[in-house]
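Novice: Input: one structure, supplied below.
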Amino acid sequence: MRINPNLFTEGPIDSPTLNVMGLALAFLSPGLFLAGVVEWISVTSHNEWPLFASAAISLNLGLTLRALTEISDEVKPLSMFSMVAWSWVACSFMGSLPYLWGGVFPWANFDGALFESISGFSTSGSTVLEDIESLGKGMLFWRQLTQWYGGMGMIVLATAVLPRLGVGGLALMSKEATGHKSDMFRASATRTAKTLWTVYFATTVTIAIALWITPGPTLFDAITHALSTAATGGFSTYNSSVGYFDSVAVEIILILAMLFSAISYTLHYRAFTQRERYAWFRSSETRVFLGVTFTAALLVTLINTSDDIGSFTTVLRDSVFNVVALATSTGFSNARPEGIGDFVLWGAASQILILFLMTVGGTTGSTAGGMKVLRLQIGLKALKRELRLFEHRKGIFPITMGREPVSDRIISSALAFVALFISFVILGTIAISALGNDLITSASGAISAMSNMGPALGDAGPTSNYLSFSRPARSILAFLMILGRLEIYAVLLMLVAPANRILIRK
Amino acid sequence: MTDSQVDTKRTVNVVLIAASLSLLEVSLLAAFSFLASLTSLDRNFFVFLVFAATCGVFGLAAVKARSHRNEFTAGEIFQIISLNFAVVILLCSVIYIALGVCSTFDRALLEATSGLSTTSLTNVRPESLGESILLFRSLTQWLGGIGALVMVFVALPAADRTDEFDVSFAKSFTARTVPGTLLRLIKFYSVITLIAGVVFVVAGMSVFDSLCHALTSVSSGGFSTRNASIAGFESDAIEWVVATVMLFTGINVVILWWVWKRKFTKILENSDLRFYLILLMAAIACFSIWRRGIGSFGRIVRESFFLASSLLSTTGFTSVNWEFPSGMTVLVLLLLGVGAMAGSSGGGYGSARVLQHYRFARRELTQQYKPSSVRVVKISGEVIDERALQRLHGFTAIFLSFVAAGAFLIALASPRTGLTEVLSFSLTCLATAGPFLGSTALDSGIEFNAVTHVVASVLMVLGRLSIFPIAYLGVAAFRTFREGPLRRIGYRALRS
């Protein structure tokens with residue numbers, strides 16, 4: 001292989017992957033700078049220089065990549081997959097830099113810092129930090145910001161990129177996307193991003209204000225928790241997560257905020273800016289999501305009441321909060337010494353329901369993770385059709401979502417996504433348990449990572465952290481987090497594309 | 001005759017056929033057990049005599065009463081099979097109560113369902129029972145095993161549904177007529193049982209034990225005459241032999257038929273068989289690595305082989321205690337869930353389906369790489385239909401949700417049990433295997449109360465009769481209910 005000697009002198013190279021990666025890195029710079037400022041103002045610790053320097057590095061790196069490359073108007077599907085996946089990976093590496101530099105993790109524990117950063121950018125919220133409160137304010141702020149950035153990326157990914165690629169049946173969504181219908185990928189993605197980020201920003205500000213005016217959280221608490229709630233991330237600045245506030249008002253605000261964030265941002269945009277008041281309830285996916293969450297909350301409350309593990313008000317409060325936190329793939333915990341928020345201690349029946357909610361996750365077009373309610377719906381409809389086809393063999397039963405017919409190709413790809421999701425959960429479980437964790441911890445850990453949840457069951461519950469997994473197992477979990485966040489295909493194709501000769505037989 | 005009269009007549013006929021079949025089957029089972037009880041003239045002697053006679057008489061009466069019409073719709077065929085299954089289970093439970101084996105009906109129901117569904121879940125101690133009862137238990141499993149094969153090789157082709165359930169291989173086994181296929185199946189199955197029995201005698205079992213174990217191992221059942229299952233014999237030779245028989249039990253009957261017919265090229269081309277054997281080898285390797293320190297190489301391989309083939313064929317014989325470290329737990333549950341090949345008497349999800357899943361996932365990925373390309377999924381050189389692939393996902397969804405729903409109900413019934421035990425119990429019932437995690441003989445973390453018994457019985461039946469026909473019957477029953485009683489209520493409400 002010979003490298004073109006005039007590679008950079010002939011002008012920018014046409015590489016959408018590098019270009020978008022540069023853009024993403026440049027985007028991180030203001031956040032890092034802001035975190036540095038927070039660290040500087042707060043007198044608790046003095047890690048501002050690592051943050052400022054990281055800001056400078058990411059800006060420099062990003063702009064250089066932008067300058068050296070260009071992106072053409074027509075982007076091939078494979079490039080889209082690789083640009084999304086590689087940008088996410090680059091951001092995760094960049095995000096771990098301040099942790100290492102600031103001494104949060106020693107350099108020898110590089111994978112720990114990377115895990116924390118991946119957990120942030122994939123909006124998972126699982127942590128390998130023993131004592132979160134020992135970090136400086138700026139570092140904590142950056143940790144929350146990684147989730148917020150992850151949410152931002154997810155909005156673009158979920159509303160502009162994935163529907164266009166038709167990943168896992170999401171082609172269904174492209175019809176009802178933002179209204180910016182342009183054949184050019186670049187133009188439509190940019191405009192969608194700008195519109196929906198406004199909604200995202202407004203949501204974050206609203207949550208922050210609501211939290212601030214309730215008694216308890218300080219301004220810093222309100223902002224940091226708003227950042228991770230809007231992204232359905234689940235990082236908190238306290239070791240005991242939301243349980244630190246021990247306030248019903250805060251929990252109610254967070255419940256509403258989490259539900260809001262797990263609903264498609266496209267719908268929010270239509271409901272607020274285009275004055276379609278019923279946009280939320282007209283979408284069957286949202287109705288099913290809310291219905292499932294509500295039913296699960298009710299069932300878990302009933303089961304926990306009958307198991308007699310606390311007074312009714314405590315049971316109600318903790319069941320509802322945890323069910324919503326898990327159904328929206330946020331993963332906040334309100335475990336307090338006197339409450340029953342630690343769902344590791346619940347009965348097996350409640351835990352099965354929780355695992356189901358964890359797997360299904362939120363709705364498409366939101367920042368929530370998991371398999372997505374839409375695919376559950378498509379799966380159920382396909383199943384119903386199979387049963388009808390069994391009786392009337394030659395019958396034709398079209399499947400519709402809303403009023404639109406769904407093509408067989410879309411159904412097939414949605415089902416394939418579910419199958420891949422389950423396969424990776426099983427493979428992850430095998431790998432993690434082979435490294436020494438028990439069945440429940442490893443299975444729930446794999447599910448939790450794949451659906452970007454945060455806490456798991458067993459040893460890795462809400463009051464514990466991911467240090468209960470062995471070190472190689474944590475790397476596997478980090479991989480599963482990216483896999484789940486990028487809806488599997490992007491990551492696999494990023495790795496598989498070079499091996500196409502092996503996989504694609506002529 | 002009006003339409004409704006024709007419908008009624010057809011329904012009566014279906015019920016009569018199902019009743020006659022079940023009564024005659026139970027009569028035969030009781031008659032064989034009666035023969036075994038001749039050696040010791042006790043209470044069992046009379047019970048079996050009475051049941052053999054009554055069931056025989058009523059069965060023959062029902063045969064006389066039915067109309068000799070040989071055309072059935074697909075729905076009717078599945079109704080006959082399911083009804084047959086249900087009636088036999090009920091009759092067997094009654095026999096268990098009459099024999100005094102079980103004290104309550106739900107216990108008897110569990111015992112009978114476990115037998116007919118070829119699961120080895122039991123709440124009695126075999127060594128405390130008489131020989132005739134032991135033979136009866138084994139015979140129920142043998143009947144259950146042949147029932148599963150009848151479903152695949154007789155009922156589905158007769159209902160013209162071979163392509164519907166990815167059992168296209170059934171074509172190479174079926175004879176020209178339905179009774180011909182049935183006879184061929186029974187003959188072939190009996191020959192295999194006989195071979196297994198002879199091999200067991202050679203390995204050192206007593207004749208009675210080898211008869212019972214041949215009946216239960218060929219059917220992937222797993223009932224034993226010893227409390228400690230195969231471990232009770234304390235013989236290496238027996239463990240080797242039983243493990244080998246279980247390995248063959250998990251293989252598609254058509255492949256065994258091809259061996260008989262000496263069509264070896266077809267066997268070598270079969271990717272399902274290759275996958276099943278690879279899975280088995282991998283499992284043996286993993287178990288061997290886990291148990292590397294326990295003794296001689298022979299013992300390690302023997303125990304691993306036994307465990308792997310018992311799990312994969314969902315037989316459920318045990319030669320060692322079921323206590324596993326974390327990594328092995330997952331492997332055990334996985335093998336249990338995957339189960340045997342399609343077209344064998346074993347249960348579970350089906351190793352062929354796993355292979356289809358893998359090929360399908362690979363196709364979907366390469367499709368993303370080049371969206372305009374058209375790619376097909378091939379198994380053993382044959383293209384799998386797109387609709388069959390969608391059904392595969394339907395099956396997966398139903399299978400997983402049954403495991404979850406079963407675990408949920410059992411967790412509600414025994415609230416103090418952990419998640420692992422509950423999940424493995426539900427899975428073992430649905431896969432019709434038997435042993436579950438945390439079970440050492442009869443003592444387990446699960447509270448065996450009436451609800452658990454009933455839920456376990458339902459899961460076992462669902463696992464045995466393949467899921468789609470049952471789901472279809474459920475939907476059909478619901479539709480009849482909605483269009484019958486429910487609509488009448490609706491009309492009344494409208495009028496008033």
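Just so we're on the same page: first chain in the structure tokens is A, next is B, and so on; residues restart at 1 for each chain, and ligands are numbered from 1 in the order they show up.
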Residues of chain B that have any atom at most 7 Å from an atom of chain A: could you tabulate them with the shortest-distance atom pair and the distance in Å to one decimal, using only C-alpha atoms, ordered by chain and increasing number, as CSV?

Specialist:
```
residue,atom,partner,partner_atom,distance
B:Ser326,CA,A:Asp438,CA,4.6
B:Gly327,CA,A:Ala434,CA,4.2
B:Thr329,CA,A:Leu439,CA,6.6
B:Val330,CA,A:Ile430,CA,6.1
B:Ala361,CA,A:Ala416,CA,6.4
B:Glu364,CA,A:Ala416,CA,6.9
B:Thr366,CA,A:Ile504,CA,6.3
B:Tyr369,CA,A:Leu78,CA,6.2
B:Gln390,CA,A:Ser412,CA,6.8
B:Arg391,CA,A:Glu386,CA,6.6
B:His393,CA,A:Leu415,CA,6.6
B:Gly394,CA,A:Leu383,CA,5.3
B:Phe408,CA,A:Ala349,CA,4.9
B:Ala411,CA,A:Ala349,CA,5.0
B:Leu412,CA,A:Ala349,CA,5.9
B:Pro415,CA,A:Gly347,CA,6.3
B:Thr417,CA,A:Ala348,CA,6.9
B:Gly418,CA,A:Ala348,CA,5.8
B:Leu419,CA,A:Ala348,CA,4.8
B:Thr420,CA,A:Ile440,CA,6.6
B:Tyr472,CA,A:Leu387,CA,5.8
```

Novice: Please identify all polymer residues within 12 Å of Ile252 of chain A, counting only C-alpha atoms, omitting same-chain residues fewer than 4 positions from it, and present them as a tab-separated table (two decimals) with all heavy atoms, in the first residue's frame.

Specialist:
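The result, written out as selection-v5.tsv:
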```
chain	number	residue	atom	x	y	z
A	207	ILE	N	-36.09	22.19	33.99
A	207	ILE	CA	-35.87	21.24	35.09
A	207	ILE	C	-35.01	21.89	36.16
A	207	ILE	O	-35.29	21.78	37.37
A	207	ILE	CB	-35.20	19.94	34.58
A	207	ILE	CG1	-36.09	19.25	33.55
A	207	ILE	CG2	-34.93	18.98	35.73
A	207	ILE	CD1	-35.40	18.09	32.85
A	210	ALA	N	-37.03	24.35	38.16
A	210	ALA	CA	-37.98	23.66	39.02
A	210	ALA	C	-37.28	23.06	40.24
A	210	ALA	O	-37.77	23.14	41.36
A	210	ALA	CB	-38.69	22.57	38.24
A	211	LEU	N	-36.10	22.48	40.01
A	211	LEU	CA	-35.37	21.89	41.13
A	211	LEU	C	-34.85	22.96	42.08
A	211	LEU	O	-34.82	22.77	43.30
A	211	LEU	CB	-34.19	21.05	40.60
A	211	LEU	CG	-34.51	19.68	40.03
A	211	LEU	CD1	-33.27	19.06	39.45
A	211	LEU	CD2	-35.10	18.78	41.10
A	214	THR	N	-37.51	24.39	44.53
A	214	THR	CA	-37.96	23.53	45.62
A	214	THR	C	-36.93	23.59	46.75
A	214	THR	O	-35.73	23.76	46.49
A	214	THR	CB	-38.07	22.05	45.18
A	214	THR	OG1	-36.90	21.71	44.46
A	214	THR	CG2	-39.29	21.80	44.36
A	242	VAL	N	-30.19	10.57	44.35
A	242	VAL	CA	-31.28	11.46	44.72
A	242	VAL	C	-31.69	11.24	46.18
A	242	VAL	O	-32.29	12.11	46.81
A	242	VAL	CB	-32.47	11.26	43.77
A	242	VAL	CG1	-33.62	12.16	44.11
A	242	VAL	CG2	-32.03	11.52	42.33
A	246	ASP	N	-33.63	13.43	50.02
A	246	ASP	CA	-34.71	12.88	50.84
A	246	ASP	C	-35.92	13.80	50.81
A	246	ASP	O	-36.46	14.18	51.85
A	246	ASP	CB	-34.23	12.66	52.29
A	246	ASP	CG	-35.20	11.76	53.03
A	246	ASP	OD1	-36.15	11.26	52.40
A	246	ASP	OD2	-35.01	11.55	54.24
A	247	SER	N	-36.33	14.18	49.60
A	247	SER	CA	-37.43	15.13	49.49
A	247	SER	C	-38.43	14.62	48.46
A	247	SER	O	-38.05	14.27	47.33
A	247	SER	CB	-36.88	16.50	49.07
A	247	SER	OG	-37.79	17.16	48.22
A	248	VAL	N	-39.69	14.53	48.87
A	248	VAL	CA	-40.74	14.04	47.97
A	248	VAL	C	-40.89	14.99	46.79
A	248	VAL	O	-41.07	14.56	45.64
A	248	VAL	CB	-42.07	13.88	48.72
A	248	VAL	CG1	-43.14	13.35	47.78
A	248	VAL	CG2	-41.90	12.95	49.90
A	256	LEU	N	-41.49	13.49	36.78
A	256	LEU	CA	-42.08	14.14	35.60
A	256	LEU	C	-41.01	14.41	34.55
A	256	LEU	O	-41.23	14.17	33.35
A	256	LEU	CB	-42.78	15.43	36.01
A	256	LEU	CG	-44.00	15.24	36.93
A	256	LEU	CD1	-44.55	16.58	37.36
A	256	LEU	CD2	-45.05	14.42	36.20
A	257	ALA	N	-39.85	14.90	35.01
A	257	ALA	CA	-38.78	15.25	34.06
A	257	ALA	C	-38.27	14.02	33.32
A	257	ALA	O	-38.02	14.05	32.12
A	257	ALA	CB	-37.64	15.94	34.80
A	258	MET	N	-38.15	12.91	34.05
A	258	MET	CA	-37.64	11.69	33.43
A	258	MET	C	-38.63	11.19	32.39
A	258	MET	O	-38.24	10.79	31.28
A	258	MET	CB	-37.40	10.62	34.49
A	258	MET	CG	-36.18	10.89	35.37
A	258	MET	SD	-35.76	9.49	36.41
A	258	MET	CE	-37.01	9.54	37.66
A	259	LEU	N	-39.93	11.21	32.74
A	259	LEU	CA	-40.93	10.77	31.78
A	259	LEU	C	-40.89	11.65	30.53
A	259	LEU	O	-40.96	11.17	29.40
A	259	LEU	CB	-42.33	10.80	32.40
A	259	LEU	CG	-42.63	9.70	33.40
A	259	LEU	CD1	-44.00	9.92	34.02
A	259	LEU	CD2	-42.60	8.35	32.71
A	317	ARG	N	-43.99	5.57	47.34
A	317	ARG	CA	-43.02	6.56	46.89
A	317	ARG	C	-41.81	5.89	46.23
A	317	ARG	O	-41.43	6.22	45.10
A	317	ARG	CB	-42.57	7.37	48.11
A	317	ARG	CG	-41.43	8.31	47.85
A	317	ARG	CD	-41.06	9.00	49.15
A	317	ARG	NE	-39.79	9.68	49.02
A	317	ARG	CZ	-39.15	10.22	50.06
A	317	ARG	NH1	-39.66	10.13	51.27
A	317	ARG	NH2	-38.00	10.84	49.87
A	318	ASP	N	-41.25	4.90	46.90
A	318	ASP	CA	-40.02	4.29	46.38
A	318	ASP	C	-40.29	3.42	45.16
A	318	ASP	O	-39.48	3.36	44.24
A	318	ASP	CB	-39.34	3.47	47.48
A	318	ASP	CG	-38.76	4.38	48.55
A	318	ASP	OD1	-38.80	5.60	48.32
A	318	ASP	OD2	-38.28	3.88	49.57
A	320	VAL	N	-42.74	3.81	42.87
A	320	VAL	CA	-43.02	4.63	41.70
A	320	VAL	C	-41.73	5.29	41.20
A	320	VAL	O	-41.42	5.26	40.01
A	320	VAL	CB	-44.10	5.68	42.01
A	320	VAL	CG1	-44.25	6.65	40.86
A	320	VAL	CG2	-45.42	5.00	42.29
A	321	PHE	N	-40.96	5.86	42.12
A	321	PHE	CA	-39.74	6.56	41.69
A	321	PHE	C	-38.80	5.61	40.97
A	321	PHE	O	-38.29	5.91	39.89
A	321	PHE	CB	-39.03	7.18	42.89
A	321	PHE	CG	-37.82	7.98	42.49
A	321	PHE	CD1	-37.95	9.30	42.08
A	321	PHE	CD2	-36.55	7.42	42.50
A	321	PHE	CE1	-36.85	10.03	41.67
A	321	PHE	CE2	-35.44	8.14	42.10
A	321	PHE	CZ	-35.61	9.45	41.69
A	322	ASN	N	-38.59	4.44	41.55
A	322	ASN	CA	-37.62	3.52	40.94
A	322	ASN	C	-38.13	2.94	39.63
A	322	ASN	O	-37.35	2.75	38.70
A	322	ASN	CB	-37.26	2.40	41.92
A	322	ASN	CG	-36.27	2.89	42.94
A	322	ASN	OD1	-35.15	3.22	42.60
A	322	ASN	ND2	-36.69	2.99	44.19
A	324	VAL	N	-40.10	4.43	37.50
A	324	VAL	CA	-39.94	5.46	36.47
A	324	VAL	C	-38.47	5.63	36.11
A	324	VAL	O	-38.10	5.71	34.94
A	324	VAL	CB	-40.58	6.78	36.93
A	324	VAL	CG1	-40.26	7.89	35.95
A	324	VAL	CG2	-42.07	6.63	37.06
A	325	ALA	N	-37.61	5.64	37.12
A	325	ALA	CA	-36.18	5.82	36.86
A	325	ALA	C	-35.64	4.71	35.97
A	325	ALA	O	-34.79	4.94	35.13
A	325	ALA	CB	-35.41	5.87	38.17
A	334	ASN	N	-33.19	6.47	44.80
A	334	ASN	CA	-33.53	7.25	45.99
A	334	ASN	C	-33.37	6.41	47.24
A	334	ASN	O	-34.13	6.52	48.18
A	334	ASN	CB	-34.95	7.83	45.87
A	334	ASN	CG	-36.00	6.76	45.95
A	334	ASN	OD1	-35.70	5.58	45.78
A	334	ASN	ND2	-37.23	7.15	46.21
```

Novice: Of the candidates B:Val88, B:Cys55, B:Leu116, B:Leu149, which one gets nearest to Gly346 of chain B if we count only C-alpha atoms?

Specialist: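 Looking at the shortest contact to Gly346 of chain B, the residue is B:Leu149.
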
Novice: Which value, in Å to one decimal, gives the distance between atom CA of Thr237 of chain A and atom CA of Ala35 of chain A?

Specialist: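 So the answer is 13.9 Å.
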
Novice: May I have the residues within 10 Å of Val315 of chain A as a list in words, using only C-alpha atoms and disregarding those fewer than 2 positions away in the same chain?

Specialist: Val300, Thr301, Leu302, Ile303, Asn304, Thr305, Asp308, Ile309, Gly310, Ser311, Phe312, Thr313, Arg317, Asp318, Ser319, Val320, Phe321, Gly339, Ile340 and Gly341 of chain A

Novice: I'd like the neighbourhood of segment 426-437 of chain B as a ChimeraX atom specification, where a residue qualifies if any of its atoms comes within 7 Å (using only C-alpha atoms), though same-chain residues fewer than 2 positions away should be ignored.

Specialist: /B:117-121,314-316,322,336-337,339,347-348,403,406-407,421-424,439,456,459-460,462-464

Novice: When you look at Ile289 of chain B with a cut-off of 12 Å (counting only C-alpha atoms), what residues show up, excluding the ones that are within fewer than 2 positions of it in the same chain? I need them as a list in words.

Specialist: Ala434 of chain A; Ala282, Ala283, Ile284, Ala285, Cys286, Phe287, Arg291, Arg292, Gly293, Ile294, Phe297, Ile300, Val301, Glu303, Ser304, Gly327 and Met328 of chain B

Novice: Write down as a list in words the residues belonging to segment 221-435 of chain B that are assigned strand (DSSP E) by DSSP computed on the backbone.

Specialist: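 Listing strand (DSSP E) positions across segment 221-435 of chain B yields Val377, Lys378, Ile379, Glu382, Val383 and Ile384 of chain B.
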
Novice: Can you tell me how far atom CA of Pro215 of chain A sits from atom CA of Trp197 of chain A, in Å to one decimal?

Specialist: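 Calculated distance between atom CA of Pro215 of chain A and atom CA of Trp197 of chain A is 29.0 Å.
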
Novice: Could you give me, as a PyMOL selection string, the residues within 9 Å of Phe45 of chain B, counting only C-alpha atoms and dropping anything in the same chain fewer than 3 positions from it?

Specialist: chain B and resi 33-38+40-42+48-50+132

Novice: Excluding Gly102 of chain A and residues on its chain fewer than 3 positions from it, collect all residues at most 12 Å away from it, counting only C-alpha atoms, and give them as a list in words.

Specialist: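 Here the answer would be Gly36, Glu39, Ser45, His46, Asn47, Glu48, Trp49, Pro50, Leu51, Phe52, Ala53, Ser54, Gly95, Ser96, Leu97, Pro98, Tyr99, Phe105, Pro106, Trp107, Ala113, Leu135, Gly136, Gly138, Met139, Leu140 and Trp142 of chain A.
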
Novice: Generate a file of the selected residues that holds N, CA and C atoms, formatted as a tab-separated table (two decimals), in the first residue's frame.

Specialist:
```tsv
chain	number	residue	atom	x	y	z
A	36	GLY	N	-14.09	24.13	33.75
A	36	GLY	CA	-12.90	24.74	34.31
A	36	GLY	C	-13.23	25.99	35.10
A	39	GLU	N	-14.75	25.07	38.36
A	39	GLU	CA	-13.71	24.59	39.27
A	39	GLU	C	-12.92	25.77	39.85
A	45	SER	N	-11.42	22.56	45.27
A	45	SER	CA	-10.20	21.92	44.78
A	45	SER	C	-9.65	22.73	43.62
A	46	HIS	N	-8.47	22.39	43.17
A	46	HIS	CA	-7.84	23.21	42.13
A	46	HIS	C	-7.43	22.37	40.95
A	47	ASN	N	-8.43	21.93	40.22
A	47	ASN	CA	-8.17	21.14	39.02
A	47	ASN	C	-8.54	21.91	37.78
A	48	GLU	N	-8.53	23.28	37.86
A	48	GLU	CA	-9.01	24.03	36.70
A	48	GLU	C	-8.10	23.87	35.49
A	49	TRP	N	-6.78	23.74	35.75
A	49	TRP	CA	-5.87	23.69	34.60
A	49	TRP	C	-6.06	22.47	33.73
A	50	PRO	N	-6.20	21.27	34.32
A	50	PRO	CA	-6.52	20.12	33.46
A	50	PRO	C	-7.74	20.36	32.59
A	51	LEU	N	-8.77	21.01	33.18
A	51	LEU	CA	-9.99	21.23	32.40
A	51	LEU	C	-9.76	22.25	31.29
A	52	PHE	N	-9.10	23.35	31.62
A	52	PHE	CA	-8.82	24.37	30.60
A	52	PHE	C	-7.95	23.77	29.49
A	53	ALA	N	-6.93	23.03	29.91
A	53	ALA	CA	-6.01	22.46	28.92
A	53	ALA	C	-6.74	21.47	28.03
A	54	SER	N	-7.63	20.66	28.64
A	54	SER	CA	-8.40	19.71	27.83
A	54	SER	C	-9.27	20.46	26.84
A	95	GLY	N	-13.17	12.85	26.81
A	95	GLY	CA	-13.83	13.09	28.09
A	95	GLY	C	-13.08	12.47	29.25
A	96	SER	N	-12.30	11.42	28.97
A	96	SER	CA	-11.59	10.78	30.09
A	96	SER	C	-10.30	11.53	30.42
A	97	LEU	N	-9.89	12.41	29.52
A	97	LEU	CA	-8.62	13.11	29.73
A	97	LEU	C	-8.59	13.93	31.03
A	98	PRO	N	-9.62	14.78	31.29
A	98	PRO	CA	-9.59	15.56	32.54
A	98	PRO	C	-9.55	14.68	33.79
A	99	TYR	N	-10.25	13.54	33.76
A	99	TYR	CA	-10.25	12.65	34.93
A	99	TYR	C	-8.82	12.20	35.24
A	105	PHE	N	-8.65	9.57	38.53
A	105	PHE	CA	-8.15	8.21	38.39
A	105	PHE	C	-6.65	8.30	38.17
A	106	PRO	N	-5.86	7.39	38.72
A	106	PRO	CA	-4.44	7.38	38.38
A	106	PRO	C	-4.27	6.93	36.93
A	107	TRP	N	-3.16	7.34	36.31
A	107	TRP	CA	-2.96	7.01	34.90
A	107	TRP	C	-2.96	5.51	34.66
A	113	ALA	N	-11.08	5.54	33.99
A	113	ALA	CA	-11.46	6.86	33.51
A	113	ALA	C	-12.27	6.74	32.23
A	135	LEU	N	-14.85	14.49	44.67
A	135	LEU	CA	-14.41	15.23	43.49
A	135	LEU	C	-14.67	16.72	43.66
A	136	GLY	N	-13.87	17.54	42.94
A	136	GLY	CA	-14.12	18.98	42.96
A	136	GLY	C	-15.38	19.32	42.19
A	138	GLY	N	-15.88	21.40	39.76
A	138	GLY	CA	-15.71	21.48	38.31
A	138	GLY	C	-15.69	20.09	37.68
A	139	MET	N	-15.00	19.18	38.34
A	139	MET	CA	-14.92	17.82	37.82
A	139	MET	C	-16.31	17.19	37.82
A	140	LEU	N	-17.07	17.41	38.91
A	140	LEU	CA	-18.43	16.90	38.98
A	140	LEU	C	-19.28	17.49	37.86
A	142	TRP	N	-18.26	18.59	34.99
A	142	TRP	CA	-17.87	17.96	33.73
A	142	TRP	C	-18.49	16.57	33.59
```
